[in-house]
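Q: Coordinates in input_8.cif, mmCIF, C-alpha atoms, are listed below.
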```cif
data_model
loop_
_atom_site.group_PDB
_atom_site.id
_atom_site.type_symbol
_atom_site.label_atom_id
_atom_site.label_comp_id
_atom_site.auth_asym_id
_atom_site.auth_seq_id
_atom_site.Cartn_x
_atom_site.Cartn_y
_atom_site.Cartn_z
ATOM 1 C CA MET A 161 34.769 197.225 21.003
ATOM 2 C CA ASN A 162 35.246 193.560 20.601
ATOM 3 C CA PRO A 163 33.064 192.103 17.770
ATOM 4 C CA LYS A 164 32.792 188.729 19.503
ATOM 5 C CA LEU A 165 30.989 190.259 22.509
ATOM 6 C CA GLU A 166 28.480 192.050 20.275
ATOM 7 C CA THR A 167 27.635 188.806 18.476
ATOM 8 C CA ARG A 168 27.026 186.919 21.704
ATOM 9 C CA ASN A 169 24.833 189.606 23.202
ATOM 10 C CA SER A 170 22.849 190.413 20.065
ATOM 11 C CA LYS A 171 21.541 186.867 19.362
ATOM 12 C CA PRO A 172 18.833 185.480 21.664
ATOM 13 C CA VAL A 173 19.514 182.005 23.006
ATOM 14 C CA ALA A 174 16.934 179.401 21.900
ATOM 15 C CA GLY A 175 16.082 176.073 23.624
ATOM 16 C CA PHE A 176 16.117 174.700 27.162
ATOM 17 C CA THR A 177 18.953 173.748 29.408
ATOM 18 C CA LEU A 178 19.376 170.185 30.561
ATOM 19 C CA ILE A 179 18.468 171.183 34.120
ATOM 20 C CA GLU A 180 15.163 172.727 32.984
ATOM 21 C CA ILE A 181 14.243 169.591 31.055
ATOM 22 C CA LEU A 182 15.096 167.345 34.025
ATOM 23 C CA VAL A 183 13.004 169.465 36.413
ATOM 24 C CA VAL A 184 9.984 169.235 34.093
ATOM 25 C CA MET A 185 10.460 165.457 33.757
ATOM 26 C CA VAL A 186 10.576 165.026 37.549
ATOM 27 C CA ILE A 187 7.399 167.098 37.980
ATOM 28 C CA VAL A 188 5.578 165.099 35.284
ATOM 29 C CA GLY A 189 6.748 161.806 36.842
ATOM 30 C CA ILE A 190 5.543 162.750 40.315
ATOM 31 C CA THR A 191 2.189 163.911 38.935
ATOM 32 C CA LEU A 192 1.667 160.664 37.005
ATOM 33 C CA ALA A 193 2.602 158.584 40.057
ATOM 34 C CA LEU A 194 0.070 160.436 42.234
ATOM 35 C CA ILE A 195 -2.662 160.038 39.616
ATOM 36 C CA GLY A 196 -1.878 156.323 39.324
ATOM 37 C CA LEU A 197 -2.080 155.825 43.085
ATOM 38 C CA ASN A 198 -5.475 157.526 43.253
ATOM 39 C CA LEU A 199 -6.895 155.557 40.317
ATOM 40 C CA MET A 200 -5.827 152.177 41.708
ATOM 41 C CA PRO A 201 -7.541 151.678 45.067
ATOM 42 C CA ASP A 202 -5.626 149.857 47.753
ATOM 43 C CA ASP A 203 -6.825 146.588 49.291
ATOM 44 C CA GLN A 204 -8.369 148.272 52.334
ATOM 45 C CA ARG A 205 -10.391 150.681 50.183
ATOM 46 C CA VAL A 206 -11.714 147.865 47.958
ATOM 47 C CA LEU A 207 -12.667 145.868 51.041
ATOM 48 C CA ARG A 208 -14.281 148.844 52.779
ATOM 49 C CA ASN A 209 -16.429 149.581 49.699
ATOM 50 C CA GLU A 210 -17.566 145.948 49.524
ATOM 51 C CA ALA A 211 -18.281 145.848 53.273
ATOM 52 C CA GLN A 212 -20.280 149.091 53.134
ATOM 53 C CA ARG A 213 -22.392 147.763 50.273
ATOM 54 C CA LEU A 214 -23.084 144.506 52.135
ATOM 55 C CA ALA A 215 -23.794 146.293 55.440
ATOM 56 C CA LEU A 216 -26.398 148.497 53.763
ATOM 57 C CA LEU A 217 -28.050 145.468 52.169
ATOM 58 C CA LEU A 218 -28.140 143.641 55.506
ATOM 59 C CA GLU A 219 -29.778 146.650 57.180
ATOM 60 C CA GLN A 220 -32.283 146.775 54.335
ATOM 61 C CA ALA A 221 -32.987 143.041 54.744
ATOM 62 C CA ARG A 222 -33.663 143.536 58.443
ATOM 63 C CA ASP A 223 -36.052 146.404 57.667
ATOM 64 C CA GLU A 224 -37.776 144.420 54.910
ATOM 65 C CA ALA A 225 -38.306 141.470 57.257
ATOM 66 C CA VAL A 226 -40.063 143.752 59.756
ATOM 67 C CA LEU A 227 -42.148 145.600 57.145
ATOM 68 C CA SER A 228 -43.206 142.466 55.250
ATOM 69 C CA SER A 229 -43.669 140.323 58.374
ATOM 70 C CA GLU A 230 -41.615 137.598 56.688
ATOM 71 C CA ALA A 231 -38.222 136.236 57.700
ATOM 72 C CA ILE A 232 -35.344 136.994 55.347
ATOM 73 C CA GLY A 233 -32.075 135.081 55.268
ATOM 74 C CA TRP A 234 -28.579 135.811 53.985
ATOM 75 C CA SER A 235 -25.767 133.404 53.189
ATOM 76 C CA ALA A 236 -22.400 133.563 51.486
ATOM 77 C CA ALA A 237 -20.696 130.975 49.336
ATOM 78 C CA GLU A 238 -17.503 130.980 47.303
ATOM 79 C CA GLY A 239 -17.315 134.452 45.728
ATOM 80 C CA HIS A 240 -20.994 135.391 46.065
ATOM 81 C CA TYR A 241 -23.906 135.785 48.461
ATOM 82 C CA ASN A 242 -27.671 135.279 48.368
ATOM 83 C CA PHE A 243 -30.747 136.499 50.147
ATOM 84 C CA TRP A 244 -33.389 133.919 51.048
ATOM 85 C CA ARG A 245 -37.125 133.891 51.713
ATOM 86 C CA ARG A 246 -39.640 131.220 52.541
ATOM 87 C CA ASP A 247 -41.868 129.852 49.782
ATOM 88 C CA GLU A 248 -45.534 128.853 50.128
ATOM 89 C CA GLU A 249 -44.502 125.563 51.743
ATOM 90 C CA GLY A 250 -42.263 127.278 54.301
ATOM 91 C CA LYS A 251 -38.976 126.138 52.709
ATOM 92 C CA TRP A 252 -36.066 128.522 52.303
ATOM 93 C CA VAL A 253 -35.472 129.460 48.649
ATOM 94 C CA ALA A 254 -33.005 131.861 47.099
ATOM 95 C CA TRP A 255 -34.631 135.180 46.270
ATOM 96 C CA THR A 256 -34.235 135.618 42.524
ATOM 97 C CA GLN A 257 -37.240 137.654 41.354
ATOM 98 C CA ASP A 258 -36.263 140.982 42.930
ATOM 99 C CA ALA A 259 -33.380 143.146 41.706
ATOM 100 C CA LEU A 260 -32.497 144.256 45.241
ATOM 101 C CA TRP A 261 -32.334 140.733 46.682
ATOM 102 C CA ARG A 262 -30.715 138.992 43.714
ATOM 103 C CA GLU A 263 -27.535 136.941 44.002
ATOM 104 C CA ARG A 264 -24.499 139.229 44.108
ATOM 105 C CA GLN A 265 -20.839 138.622 43.463
ATOM 106 C CA PHE A 266 -18.160 139.798 45.858
ATOM 107 C CA SER A 267 -15.465 141.977 44.326
ATOM 108 C CA SER A 268 -12.735 139.772 42.938
ATOM 109 C CA GLY A 269 -10.617 138.398 45.785
ATOM 110 C CA VAL A 270 -12.993 139.349 48.631
ATOM 111 C CA VAL A 271 -13.839 136.359 50.848
ATOM 112 C CA VAL A 272 -15.809 135.652 54.008
ATOM 113 C CA ARG A 273 -13.111 134.525 56.440
ATOM 114 C CA ALA A 274 -15.449 133.859 59.345
ATOM 115 C CA LEU A 275 -19.099 134.134 60.309
ATOM 116 C CA ARG A 276 -20.275 134.292 63.903
ATOM 117 C CA ILE A 277 -23.975 134.244 64.767
ATOM 118 C CA ASN A 278 -24.918 134.929 68.370
ATOM 119 C CA HIS A 279 -21.193 134.845 69.222
ATOM 120 C CA ASN A 280 -20.808 131.275 67.915
ATOM 121 C CA ALA A 281 -18.611 130.457 64.938
ATOM 122 C CA VAL A 282 -20.557 128.874 62.094
ATOM 123 C CA ALA A 283 -19.633 127.804 58.580
ATOM 124 C CA PRO A 284 -19.487 130.786 56.182
ATOM 125 C CA ASN A 285 -22.311 129.277 54.098
ATOM 126 C CA GLU A 286 -24.732 129.103 57.066
ATOM 127 C CA ARG A 287 -27.805 131.303 56.799
ATOM 128 C CA LEU A 288 -28.121 134.469 58.855
ATOM 129 C CA ASN A 289 -31.837 135.065 59.483
ATOM 130 C CA PHE A 290 -33.606 138.366 60.068
ATOM 131 C CA SER A 291 -36.772 138.006 62.120
ATOM 132 C CA PRO A 292 -40.016 139.813 61.290
ATOM 133 C CA ALA A 293 -40.283 140.617 65.015
ATOM 134 C CA GLY A 294 -37.459 143.130 64.588
ATOM 135 C CA LEU A 295 -35.200 141.633 67.229
ATOM 136 C CA GLY A 296 -31.839 140.904 65.740
ATOM 137 C CA VAL A 297 -29.370 138.173 66.471
ATOM 138 C CA PRO A 298 -25.861 139.549 66.990
ATOM 139 C CA PHE A 299 -23.532 138.596 64.170
ATOM 140 C CA GLU A 300 -20.039 139.284 62.865
ATOM 141 C CA ILE A 301 -18.976 138.758 59.268
ATOM 142 C CA ASP A 302 -15.197 138.830 58.863
ATOM 143 C CA LEU A 303 -14.340 139.862 55.293
ATOM 144 C CA GLY A 304 -10.861 139.693 53.819
ATOM 145 C CA PHE A 305 -9.079 140.848 50.712
ATOM 146 C CA ASN A 306 -5.396 139.901 50.501
ATOM 147 C CA ALA A 307 -3.936 141.150 53.825
ATOM 148 C CA ALA A 308 -6.800 143.601 54.519
ATOM 149 C CA ARG A 309 -9.606 142.647 56.924
ATOM 150 C CA ILE A 310 -12.825 144.279 58.059
ATOM 151 C CA GLU A 311 -15.774 143.093 60.126
ATOM 152 C CA ILE A 312 -19.455 143.765 59.592
ATOM 153 C CA VAL A 313 -21.082 143.690 63.028
ATOM 154 C CA GLY A 314 -24.814 143.505 63.731
ATOM 155 C CA ASP A 315 -26.321 143.939 67.189
ATOM 156 C CA VAL A 316 -29.612 142.847 68.759
ATOM 157 C CA GLN A 317 -31.229 146.184 67.891
ATOM 158 C CA GLY A 318 -30.489 145.620 64.216
ATOM 159 C CA LYS A 319 -27.741 148.221 63.889
ATOM 160 C CA VAL A 320 -25.044 147.183 61.416
ATOM 161 C CA THR A 321 -21.581 148.763 61.667
ATOM 162 C CA LEU A 322 -18.128 148.266 60.204
ATOM 163 C CA LYS A 323 -15.146 147.527 62.409
ATOM 164 C CA GLU A 324 -11.562 147.605 61.185
ATOM 165 C CA ALA A 325 -10.048 144.222 62.005
ATOM 166 C CA GLY A 326 -6.590 144.219 63.535
#
```
Could you render the structure from this file as structure tokens?

A:
Amino acid sequence: MNPKLETRNSKPVAGFTLIEILVVMVIVGITLALIGLNLMPDDQRVLRNEAQRLALLLEQARDEAVLSSEAIGWSAAEGHYNFWRRDEEGKWVAWTQDALWRERQFSSGVVVRALRINHNAVAPNERLNFSPAGLGVPFEIDLGFNAARIEIVGDVQGKVTLKEAG
């Protein structure tokens, strides 16, 4: 027998081949990329979350106006929005004493691109009023974040829905 063959076959080979290391690196890279994509929401997801939060608050404002028999208003300004109520003298004042109706900031970069009340374009800082009678005024709030857009739409029955803007 050849002694060189016995030596090769009797010692176990230790370590990894270059191909095995490269395959593991590719798998780790793909996994990290997928995790990174899921942790960093895209523009549409950020905007949808903000729109859902605002839509729920607007529905709540409509309900509160009916239950309390007092008109409630909403308006947006640069980077934030407020809810309004009437004081003892009947003047509109920002609602600051209640945690639910406090001033809120939009997520960074989210803006009101347009506001339509009763199908008429108005300035984004105009007040949208919810009547204690329960009848709603149709409205559309066009929100934007970078290239993403979404509309919050309210109808005369007070239903508030989201509509993907095209």

Q: Neighbours of Pro292 in chain A within 12 Å (all atoms listed in the file; same-chain residues fewer than 3 positions away dropped), as a CSV table (one decimal) with C-alpha atoms, in the frame of the given file?

A:
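See out_9.csv below for the written result:
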```
chain,number,residue,atom,x,y,z
A,221,ALA,CA,-33.0,143.0,54.7
A,222,ARG,CA,-33.7,143.5,58.4
A,223,ASP,CA,-36.1,146.4,57.7
A,224,GLU,CA,-37.8,144.4,54.9
A,225,ALA,CA,-38.3,141.5,57.3
A,226,VAL,CA,-40.1,143.8,59.8
A,227,LEU,CA,-42.1,145.6,57.1
A,228,SER,CA,-43.2,142.5,55.2
A,229,SER,CA,-43.7,140.3,58.4
A,230,GLU,CA,-41.6,137.6,56.7
A,231,ALA,CA,-38.2,136.2,57.7
A,232,ILE,CA,-35.3,137.0,55.3
A,233,GLY,CA,-32.1,135.1,55.3
A,245,ARG,CA,-37.1,133.9,51.7
A,289,ASN,CA,-31.8,135.1,59.5
A,295,LEU,CA,-35.2,141.6,67.2
A,296,GLY,CA,-31.8,140.9,65.7
A,297,VAL,CA,-29.4,138.2,66.5
A,318,GLY,CA,-30.5,145.6,64.2
```

Q: Can you find the residues with an atom no farther than 6 Å from (-17.5, 139.4, 52.8), counting all atoms listed in the file, and report them as an MDAnalysis selection string?

A: chainID A and resid 271:272 303

Q: Take the residues just selected and output them with C-alpha atoms as an mmCIF file, in the coordinates of the input.

A:
```cif
data_model
loop_
_atom_site.group_PDB
_atom_site.id
_atom_site.type_symbol
_atom_site.label_atom_id
_atom_site.label_comp_id
_atom_site.auth_asym_id
_atom_site.auth_seq_id
_atom_site.Cartn_x
_atom_site.Cartn_y
_atom_site.Cartn_z
ATOM 1 C CA VAL A 271 -13.839 136.359 50.848
ATOM 2 C CA VAL A 272 -15.809 135.652 54.008
ATOM 3 C CA LEU A 303 -14.340 139.862 55.293
#
```

Q: With 8 Å as the threshold, what does the neighbourhood of (-18.1, 147.5, 54.7) contain in terms of residues, counting all atoms listed in the file? Coordinates are those of the file; answer as a ChimeraX atom specification.

A: /A:207-215,310-312,321-322

Q: Report, in Å to a single decimal, how far apart CA of Phe290 in chain A and CA of Arg309 in chain A are.

A: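 It comes out at 24.6 Å.
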
Q: In Å to one decimal, how far is CA of His240 in chain A from CA of Val253 in chain A?

A: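 Here the two named atoms are 15.9 Å from each other.
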